[in-house]
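> One structure coming up, written as structure tokens, with questions to follow.
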Amino acid sequence: MTENGGNNIKDKLGSLRESYLGQLPAKIKEMEENCAALKEDTGNEITLKDMHRTAHSIAGTSASFGCKAIGATAKSLETILKTVIEEKTEINDKILSRISAHIAALHDSIKQPEYGTIENKTSECFSLSRGAVEEGKNKTVFLVEDDPFLLRNLEIQIGHFSYDVKAFERLDDFKKAIKKSMPSAIIMDIIFHEGDLAGIEAVQDIRKEGKRIPVIFISNRNDLDARLQAVRAGGEAYFVKPVSIANLVERLDVLTTYRDVEPYRILIVDDEVELAEFYSTVLETAGMRARIVNDPLKVLESLIEFNPDLILMDKYMPGCDGQYLAKVIRQTEAFFSIPIVFLSTESDIYKQMTAMRMGGDDFLTKPIDPGVLVSSVSIRAERMRTVRSLMEKDSLTGLLNHTKTKEQLDLAVERAERSSGKCCFAMIDIDKFKFINDTYGHPAGDRVILSLSRLLQQRMRKVDTVGRYGGEEFAVILGDTDAASAFRVLDEIRVSFSNIRHQHEGKEFFATFSCGIAAFPGCKDAVTLGSEADKALYAAKNTGRNRIETA
């Protein structure tokens, strides 16, 4: 975070605090009036609860804004009122005197509030920020291998997956090139004529110069000593020859592909406007998106519209207790599994457990340190994303599953209809896949599926959708694309896939796919698109395979 960015956040938090402090005199005056009413009617439970709620609110919010003295005084008053309410204590002059004294102390404390350094507290969470990383622009790979045939073969195979491969047969040429430019990754053989560990030593020299480039080692050696040396040199992966292209590219993708991670969406439900803004500022500074709901009765509308990864909810709100609201949310099927984190000054562990049994997942006690808030929310939100991913994605390829792909097709058609636009749906099926499984085994078949899934993900645009429809079938949704353009893109992928060498127990084999394309608005809806693409796919199968047909 830049110094200027940090100052902007400090200014915003400072403004929120000043706004909050400006409202305190009215709240304290209200408590004074309630205290006077209690002297006239000592059994007025409604007045007591109103005072308790106000004290509770001031205790949590003041401490969050760094006003510790105000928060401590309000907390003490809250405790007194809470005891009176829960134990149904008869209010006498002594209790009224204690309540009045605390209200007076509150009144005095806001005249000259002691400010804590909320900016220093929040700065601890800034280092946790921005889960998203800018997508890497440089996809160049340096491949170093002294066997010219294997070097050329790997260069071609890796190149099919949209990598710019610079091949080096000699270590000296590699060392000269690395001084001029930085690749996204290095694939390095270990044995050269300079020595049995010359490749590892070359990588160690690069590390000494301070260059941190992901390295994958390949070698005929499969002994522990070679592997240990490779790890010590900073190797991220180690493959024994003959190298499986599918496995090599999978690891290369992990090391070189930087995708923007969608920020966590956090719904904040809190009737305290300034405190909700405070939480929102802290979370947004940490790279998340936050939406505030100050009226808890409007939470269902925001849940549907915002689709949050987590709900951050105050437990005590006028007219709607947080724990009952959590139970309502849990009874709504679409939001049954969404994490709910309670925020409250409630320190009674039994009451916290009761709230969690009603539907909460965690309970954070106010005042909450911003770093702890960010960490707790991030952990829960990430877990929610993982659960959603398991529900929506294919376990082998990580692509969207059949159900989710059909949902995306419905959305794509709706968008095209609204904008009077176009879209295409393509169905892809690997040719003679049963023969591949029967001949080379199911693990080899899985590697073929993985190779095609990666090729599709790398070649398609970010706005396109790629899903595994089932077995050896894939589906691709291309927004704002006509049939001719879809055909051109997918045919290039078809040619590349047909040239990939697949390995199995020292043997090589090739695989191909057939594809059918249907287009909207030629096909009037998502159901027709799917049906017509399926017909086109089988037309491609019946006319020779390894081809594409359009509906």
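Starting from 1 in every chain, residues are counted up; chains themselves are A, B, ... following the order of the structure tokens, and ligands are numbered from 1 as listed.
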Within 7 Å of Thr140 in chain A, counting only C-alpha atoms, which residues show up once you throw out same-chain ones fewer than 2 positions away? Write them as a ChimeraX atom specification, please.

/A:138,142,163-165,183-184

> Write out as a PyMOL selection string which residues come within 9 Å of Arg494 in chain A when counting only C-alpha atoms, dropping same-chain ones fewer than 5 positions away.

chain A and resi 489+499+512-515+546-548

> Where in range 263-406 of chain A does DSSP assign helix (DSSP H, G or I), given as a count of residues only?

73

> So that I can see what lies close to range 375-383 of chain A, please list as a count of residues only the residues with an atom at most 6 Å from it, counting only C-alpha atoms and leaving out residues fewer than 3 positions away in the same chain.

4

> With distances taken over only C-alpha atoms, which residue among A:Val240, A:Ile28, A:Leu16, A:Ile103 lies nearest Ile190 in chain A?

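Of all the options, A:Val240 lies closest to Ile190 in chain A.
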
> Can you pull out every residue within 8 Å of Thr47 in chain A, counting only C-alpha atoms, but drop anything in the same chain fewer than 3 positions away, and send it as a list in words?

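What passes the distance filter is Asn34, Ala37, Leu38, Asn44, Asp50 and Met51 of chain A.
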
> Could you please determine the separation between CA of Ala526 in chain A and CA of Lys422 in chain A in Å, to one decimal place?

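One can read the CA of Ala526 in chain A to CA of Lys422 in chain A distance as 12.1 Å.
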
> Rank nothing, just name the residue among A:Ser453, A:Gln331, A:Leu267, A:Ala276 nearest to Met288 in chain A, using only C-alpha atoms.

A:Leu267

> Show me, as a VMD selection string, the residues that have an atom within 10 Å of Ala484 in chain A when counting only C-alpha atoms, minus same-chain residues fewer than 3 positions from it.

chain A and resid 424 481 487 to 489 517 519 550

> Would you mind exporting N, CA and C atoms of the selected residues as a short mmCIF file (atom, residue, chain, number, x, y, z; two decimals), in the first residue's frame?


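Result file is part37.cif:
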data_model
loop_
_atom_site.label_atom_id
_atom_site.label_comp_id
_atom_site.auth_asym_id
_atom_site.auth_seq_id
_atom_site.Cartn_x
_atom_site.Cartn_y
_atom_site.Cartn_z
N CYS A 424 -22.49 -18.40 -28.95
CA CYS A 424 -22.37 -19.74 -29.53
C CYS A 424 -22.18 -20.77 -28.43
N THR A 481 -20.25 -13.90 -30.04
CA THR A 481 -19.47 -14.58 -31.07
C THR A 481 -20.41 -15.26 -32.06
N PHE A 487 -16.03 -21.30 -34.97
CA PHE A 487 -15.42 -22.39 -35.76
C PHE A 487 -13.92 -22.17 -35.90
N ARG A 488 -13.51 -20.94 -36.23
CA ARG A 488 -12.10 -20.64 -36.46
C ARG A 488 -11.27 -20.88 -35.19
N VAL A 489 -11.76 -20.41 -34.04
CA VAL A 489 -11.02 -20.56 -32.79
C VAL A 489 -10.92 -22.03 -32.40
N ILE A 517 -21.15 -27.06 -33.28
CA ILE A 517 -21.40 -25.67 -32.86
C ILE A 517 -22.81 -25.25 -33.25
N ALA A 519 -25.52 -21.66 -32.82
CA ALA A 519 -25.43 -20.22 -32.55
C ALA A 519 -26.80 -19.63 -32.23
N THR A 550 -21.09 -27.24 -37.94
CA THR A 550 -21.97 -26.20 -37.38
C THR A 550 -23.41 -26.52 -37.72
#

> Given only C-alpha atoms as the basis, pick out the residue of A:Ala475, A:Ile349, A:Gly195, A:Met384 nearest to Ile266 in chain A.

A:Met384

> Show which residues sit within 9 Å of range 409-417 of chain A, as JSON, numbers by chain. Count only C-alpha atoms, and ignore same-chain residues fewer than 4 positions away.

{"A": [404, 405, 421, 422, 423, 425, 465, 477, 478, 479, 480, 520, 521, 524, 525, 526, 527, 529, 530]}

> Only N, CA and C atoms, please: the residues just picked out, written as a CSV table (one decimal), in the first residue's frame.


chain,number,residue,atom,x,y,z
A,404,LYS,N,-23.7,-26.7,-13.7
A,404,LYS,CA,-23.3,-25.3,-13.7
A,404,LYS,C,-23.1,-24.7,-15.1
A,405,THR,N,-22.6,-25.6,-16.0
A,405,THR,CA,-22.4,-25.2,-17.4
A,405,THR,C,-23.8,-24.8,-18.0
A,421,GLY,N,-27.9,-9.4,-29.0
A,421,GLY,CA,-26.5,-9.8,-29.4
A,421,GLY,C,-26.5,-11.3,-29.9
A,422,LYS,N,-25.4,-11.9,-29.7
A,422,LYS,CA,-25.2,-13.3,-30.2
A,422,LYS,C,-24.3,-14.1,-29.3
A,423,CYS,N,-24.4,-15.4,-29.4
A,423,CYS,CA,-23.5,-16.2,-28.6
A,423,CYS,C,-23.5,-17.6,-29.3
A,425,PHE,N,-22.6,-22.0,-28.7
A,425,PHE,CA,-22.5,-23.1,-27.8
A,425,PHE,C,-21.8,-24.2,-28.6
A,465,THR,N,-16.9,-19.5,-21.3
A,465,THR,CA,-17.1,-20.5,-20.3
A,465,THR,C,-16.7,-21.9,-20.9
A,477,ILE,N,-19.0,-22.1,-24.1
A,477,ILE,CA,-19.9,-21.0,-24.4
A,477,ILE,C,-19.1,-19.8,-24.7
A,478,LEU,N,-19.4,-19.3,-25.9
A,478,LEU,CA,-18.6,-18.1,-26.5
A,478,LEU,C,-19.6,-16.9,-26.6
A,479,GLY,N,-19.5,-16.0,-25.7
A,479,GLY,CA,-20.3,-14.8,-25.8
A,479,GLY,C,-20.0,-13.8,-26.9
A,480,ASP,N,-21.0,-13.1,-27.4
A,480,ASP,CA,-20.8,-12.1,-28.5
A,480,ASP,C,-19.9,-12.7,-29.6
A,520,PHE,N,-26.8,-18.6,-31.3
A,520,PHE,CA,-27.9,-17.8,-31.0
A,520,PHE,C,-27.7,-16.5,-31.7
A,521,PRO,N,-28.7,-15.9,-32.4
A,521,PRO,CA,-30.2,-16.1,-32.3
A,521,PRO,C,-30.7,-17.2,-33.3
A,524,LYS,N,-33.3,-20.4,-30.9
A,524,LYS,CA,-34.0,-19.4,-30.2
A,524,LYS,C,-33.8,-19.4,-28.7
A,525,ASP,N,-33.3,-20.5,-28.1
A,525,ASP,CA,-33.1,-20.6,-26.6
A,525,ASP,C,-32.0,-21.5,-26.3
A,526,ALA,N,-31.7,-21.6,-25.0
A,526,ALA,CA,-30.6,-22.5,-24.5
A,526,ALA,C,-30.9,-23.9,-24.8
A,527,VAL,N,-32.1,-24.4,-24.6
A,527,VAL,CA,-32.4,-25.8,-24.9
A,527,VAL,C,-32.2,-26.1,-26.3
A,529,LEU,N,-30.2,-24.5,-28.4
A,529,LEU,CA,-28.7,-24.5,-28.6
A,529,LEU,C,-28.1,-25.8,-28.3
A,530,GLY,N,-28.4,-26.3,-27.1
A,530,GLY,CA,-27.8,-27.6,-26.7
A,530,GLY,C,-28.2,-28.7,-27.6

> For Lys39 in chain A, list every protein, DNA or RNA residue within 9 Å, evaluated using only C-alpha atoms, and leave out those in the same chain fewer than 5 positions away; present the list as a ChimeraX atom specification.

/A:34,91-93,96

> Step one, run DSSP on the backbone; step two, keep only residues of range 179-368 of chain A assigned to strand (DSSP E or B); then write them as a PyMOL selection string.

chain A and resi 185-189+192+195+215-219+235-240+265-269+289-293+310-314+340-344+362-365

> Identify which of the residues A:Thr397, A:Gly22, A:Ala511, A:Asp491 lies closest to Lys434 in chain A, counting only C-alpha atoms when measuring atom-to-atom distances.

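Using only C-alpha atoms, Lys434 in chain A sits closest to A:Ala511.
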
> Which distance in Å separates CA of Ser485 in chain A and CA of Gln457 in chain A, to one decimal?

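So the two atoms, CA of Ser485 in chain A and CA of Gln457 in chain A, lie 17.3 Å apart.
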
> Tell me, in Å to one decimal, how far CA of Leu143 in chain A is from CA of Ala185 in chain A.

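Computed distance, CA of Leu143 in chain A to CA of Ala185 in chain A, equals 8.7 Å.
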